[in-house]
Amino acid sequence: MPSKDNNENFASLREQILAQNGKDYWRSVEEYVDAPEFADFVKREYPSHAEEWDSSLSRRNFLKVMGASLALAGLSGCVIQPAEKIIPYVRQDEQLLPGKPLFFATAMTVGGIANGLLAKSYDGRPIKIEGNPQHPGSLGSTDVLSQAALLQMYDPDRSQEVTFRGDPTTWQNFMTQIRATVEGNRADGGAGVRFLTETVTSPTLTAQFRQLAAELPNSRWIQYEPLNNDSATMGARMAFGAPVNTVYRYDLAERIVTLDNDIFSGFNVRYMKDFAKKRALTEANQEINRLYAVETTMSLTGAKADHRLAIKPSQLSEVAKAIAAAVGVSGAAATGLSGEATQWINSMARDLQAFRGRSIVSAGSSASPTVHALAHAINGALGNVGQTVLYTEPLSPFAEKTQVEQLRELIADIDAGRVKMLVILGGNPVYNTPVDLKLNADRLNKIQTRVHLGMYADETAEHCQWHISQKHFLETWSDARAFDGTISIVQPLIDPLYESKSIHEVVQVLFRENYDKKDYDIVREFWQGQNINTAAPRNPATATAAATAASQSSAAGAAPTTANSASAATTTGNNSTVQQNSGAAATVATPASTNSSAASSNAFEDTWRKIVHDGFVPNSAAATRNVSATTAFLSQPEVKPTGGELEISIKADPTVYDGRFANNGWLQELPKPLTKITWDNVALISPRTAEKYQLNRDRQYNEYTGGEEGTSFVNTKGGNLFSDLVKLNFQGTEIQKDVPIWIAPGQPDDVVTIFTGYGRTRAGRVGTGLGYNAFDVYRSDMPSYGTGKLSKLETQTTIASTQTHFNMEGRDILRVFDVDVFKANPQMGHQPDHYDESMYPRFNYNGNKWGMTVDLNNCVGCNACVIACQSENNIPVVGKEQIERSREMHWLRIDTYFSGDDINNPKGPHFQPMLCQHCEQAPCEPVCPVHATVHSAEGLNDMVYNRCVGTRYCSNNCPYKVRRFNFLLYQDWETPQYKLMRNPEVSVRSRGVMEKCTFCTQRIAAARIEAEKDKRDIRDGEILTACQAACPTDVFTFGDLNDPNSLVSKHKNNQRSYAVLNELNTQPRTTYLASLKNQNKEMPDYKALEVPKTHTPETKTEAGETTEAEH
Amino acid sequence: MAQFFHKSANNIARISMVAVVILAGVAGYVYTQVARSSYLTGRFIEKQQPVQFSHKHHSGDDGIDCRYCHSTVETTASAGMPPTQTCMNCHNQLWADSPYLEPVRASFRENKPIEWERVHDLPEYAYFNHSIHVNKGVGCASCHGDISNMPAVYQANTLQMEWCLSCHRDPAPNIRPAAEIYNTSWSPSEMTPEQKVEVDEKIKNLRSSEMLTSCSTCHR
């Protein structure tokens, strides 16, 4: 430790740094095993290929070009700006002020569940997505997918018109012809007509289908998407006899158990927010929650968990039974679990029982129905139902039938030749239907008329005669339900860029009359008929479980007729709201018996304006349901896949989901959590299994840069990441493409995890041809896992993973404390201040002094901030080949650190968002020869793109490795759609320029100007950086350090606060708050976290205390 | 061995050394002058507009306030260009048949915007905000010159960074009383004692020149 009496010199500094070099944390398998390539890798500023010239230009040509550009270099300053025009409006809208962004409430649905958003509109163009602070599903935050949805809207590969057999035609033409076809089907009540949609929760669309069902009583409406809620539906059926929607209150839960349920990548922002609220150690919340994760592959939830149990998928139901038995569910008994697992479960169950009514046991969508049913029974036994676990009406109509059952009926009908017309409204069933119920070309060709509505001319469009370009949600009027049933309004931000139609408009065309309607009129008229002044419409399906059971028996896939219509349901009353967190006041309630027609159109106009403005209908959460779980299902034998040497589990891809985002460059390039792989999907295996199959093992001695042959199992070779290709056989079906293998610490042995969403053949120029297709083997009877075989091929492929890039060599970077140890000794994280030792003068900050804190305890690694930053700051996509050269451009990255000494069963991992630290004594600043990076008077480390000549000295000198260089021209300057999408408040960088996090200086400037105009100071919390605004778990805090009352100042004074690489005396403005673990000492895997020696305070007495506190 | 160079070569060498220094200086001076010339900055060049709109006539002679047309100058980054509607507010009555105004009427009729030639053009990487300058007491004339006396608008200043910085380093001389912001022919010599008090107060509340000259103040 440096102290005043210690003569500091470089040698001692170096020694000091080296002394801290214990391997407490590691980021990748390569780092863990100390692969020689890895050592070589980190020595370089950029990995070996980063600085190589692109081979497409020969050295000779390079010299030619350079010669010419040098000769012209002096002239570049003399270019007269091209003449520009000013084009004002002819008639200007009152609200449209040039250069002033407007925000509009809208909503995005994933799997039918809406998340409320605010879209930022700049001169009529949406340029950024934020969360809607009043919407119960968002509370102001967003997830990765909604951030990236913006790029999808501007995707130039979207289909742009109506086509018939691939040839462009007109909407008018389609209407005429399809209406003629429908007329022909009216005679038999539409017996040959089928509609196939994804999960629908939209009340308007449901009403439209109901009308269709009335006009064509024999037609059928099928809902199917691959990542569905089927096992939850079946589980609820087993436990309650009827489907329910489960709403969890993580904000009230002290103990949380997840059964293969990844609550942090399930795109439910609200759950993440609630979890973080209970996770934060504050004055008010001294007891932080404890998370137990039982899972079959390492997920974000497992990473955040205090205790994690990695098991095979087939064991999951046994674990659930064991938990059930331990908490006193009658009739539950587990078999075949190891002694350690049993001990783990029993210790956990004791903890759960101590928190009756304040715990949650939740099962994920890939858990089997039995596990879901058991989770309901366990929550019942723990008294959680009604407290932390609430049951409501199902959100989508016909929830009593699983989607696979609906699809099976459709396929049977097609095979029997009963289908004459199939209207596919959204989704890509040709790509993603299960292999045993594949809606393939053969089956489609049996149908006379096939219509496809979709955003892309994809695999399904290829086999349909009619393809209609679908509007993006930012171009559409619609509605949908949030996780708790709250009705959310989808409002368009822009006129459709192409000749696109919404699902409402296409359904309307099939009506007998009023067929040509805009989606605005359809949605508005529906709500006008709903009498939302009095009571928000309930879920139209039913009000009681009994009624559901009745309709279950009667409805054979057909839409129930008007008896159950929404307007009838509105009269059931308004006193059973589940939870209402928005501050929005409901409109004045009048007696429910007043009919909708009585309400004047003016009153409706006010209500309509309000719900469109707010983005949701207040008090419209689904009605709660009183159900209690029975355990009769335990007597039914569970069918489990058998045979095969490995268990293969299929998971949703964390970025491209089920493939619908395959053509989204932001999501493709987003490093997937934990593996940090981009542009590919891989198959995950454990290190032990890799050893067993001799996979990813270095064999070729010559390719070593040092070290012995065969010492390591690594994902890297010669500086490039590589992986062995294998053939995967799942239940007798083989994945067509070869599958790359990735060694994942924390993966259970003999389990292979594969991911959906890749192997697209018609995704677009970004997504086509990437990865393998997990839907090749996906089966309806074993949707989440099965057994299979793996055979190694003698070929390899390169993988673009950013996990080893910009490494920081295990210094005091990440801090994780046991919460008990920390509470006993809050001084343990104290860092000595070296400020005075700098030879550079100190800046004086008289005005604002911006700073940021990053609370690692809240961070769950969900990546929303990364995409938010990319969207806000016009960060380009560079492509797989450039990522392999470590040239990714993300200003903000999330480092993942595993810990512990067992690679097969690691602790953690822990996440650390890493962005420009805006150092007070920034090492980048003195080395820049052209003053392109300088300190601002508010303490920002400014980057001046126009001065930058690209020496990259700054990046070389940056200890945090947060500077990014435009090695090539990554920005697309040509595509008109991308021009519309960019944030006009941020310069678009060209080739040869360094760039990095600016603390969202454009947002600071905007707030500063507004404050100065109002003659006041900038309020604390007025400036939200893009990452901060997006973050569902409040990791980032930004504000004025000169204001002692600002939240960021308070965080800086928090005893968990520390600066990364403090010993370098860079005095970063961005500091971190140490993460906390809340381990249960009774658990068999309890292991006190080491208190690193750097955390030992300087004086001896304190040091003694620390050691005591440790034991 | 014979000498390669005659003795006079020494003089040539000396002179050429001096000449190089002088020439370099001259070249540098010429470069700076060329770069500041109106040829490159567009200063003083009047542009042909689709409608012969005279600021002198409308603002100077008729006394229409700047903000009647540039309505967002106090609230947003852009001062705002008037929509054709604004022209037609008056010109559906006044000079309603004038051939000069045919492009305006055509625009209104056909719902096609008038395409004006931009006179004051900052580079895209400079983020200028009208509202904060006006609110702080910088008048239109400080950047745009005496617009009210320009029949055709030209660029009165270089709009180069050194020109921006000359004010950001020392804004005091360009601060004027609120009442005179839109008076483009006002000069500080006309300042009344009360106005002087107001201006001094404004100057006191300005941000420091360090803050005003930080790169991120204008570049993002």
# chains A, B, ... in the order shown; residues from 1 in each chain; ligands from 1
>>> interface_residues(of="chain A", to="chain B", cutoff="9 Å", atoms="only C-alpha atoms", output="PyMOL selection string")
chain A and resi 77-81+83-92+97-100+846-847+934-938+940+942-946+985-988+998+1000-1002+1005+1009-1010+1012-1013
>>> residues_around(residues="Gly137 of chain A", least_positions_apart="4", cutoff="8 Å", atoms="only C-alpha atoms", output="ChimeraX atom specification")
/A:114-116,268-270,482-484
>>> select_by_dssp(residues="segment 227-269 of chain A", states="alpha helix (DSSP H)", output="number ranges by chain")
A: 230-240, 269
>>> residues_around(residues="Asp61 of chain B", least_positions_apart="5", cutoff="9 Å", atoms="only C-alpha atoms", output="CSV table (one decimal) with C-alpha atoms, in the first residue's frame")
chain,number,residue,atom,x,y,z
B,55,HIS,CA,-35.8,41.8,-44.6
B,56,LYS,CA,-35.2,45.5,-45.0
B,148,SER,CA,-33.2,44.8,-40.9
B,149,ASN,CA,-31.3,46.9,-43.4
>>> select_by_dssp(residues="segment 171-204 of chain A", states="strand (DSSP E)", output="number ranges by chain")
A: 193-197
>>> write_last_selection(atoms="C-alpha atoms", output="compact mmCIF listing (two decimals), in the first residue's frame")
# COMPACT_ATOMS: atom_id res chain seq x y z
CA VAL A 193 -60.51 -21.13 -43.72
CA ARG A 194 -57.76 -21.00 -41.10
CA PHE A 195 -56.07 -18.04 -39.48
CA LEU A 196 -52.65 -18.47 -37.93
CA THR A 197 -51.31 -15.75 -35.66
>>> residues_around(residues="Leu309 of chain A", least_positions_apart="4", cutoff="9 Å", atoms="only C-alpha atoms", output="PyMOL selection string")
chain A and resi 292-296+302+341+344
>>> atom_distance(atom1="atom CA of Leu316 of chain A", atom2="atom CA of Ile378 of chain A")
14.4 Å
>>> atom_distance(atom1="atom CA of Ala148 of chain A", atom2="atom CA of Ser649 of chain A")
26.8 Å
>>> residues_around(residues="Tyr1058 of chain A", least_positions_apart="2", cutoff="12 Å", atoms="only C-alpha atoms", output="PyMOL selection string")
chain A and resi 812-816+827-833+852-856+1051-1056+1060-1063+1067-1075+1094-1095
>>> atom_distance(atom1="atom CA of Gly331 of chain A", atom2="atom CA of Ala381 of chain A")
12.4 Å
>>> residues_around(residues="Val244 of chain A", least_positions_apart="2", cutoff="10 Å", atoms="only C-alpha atoms", output="PyMOL selection string")
chain A and resi 232-237+240-242+246-247+390-395+399-400+545+624-625+627
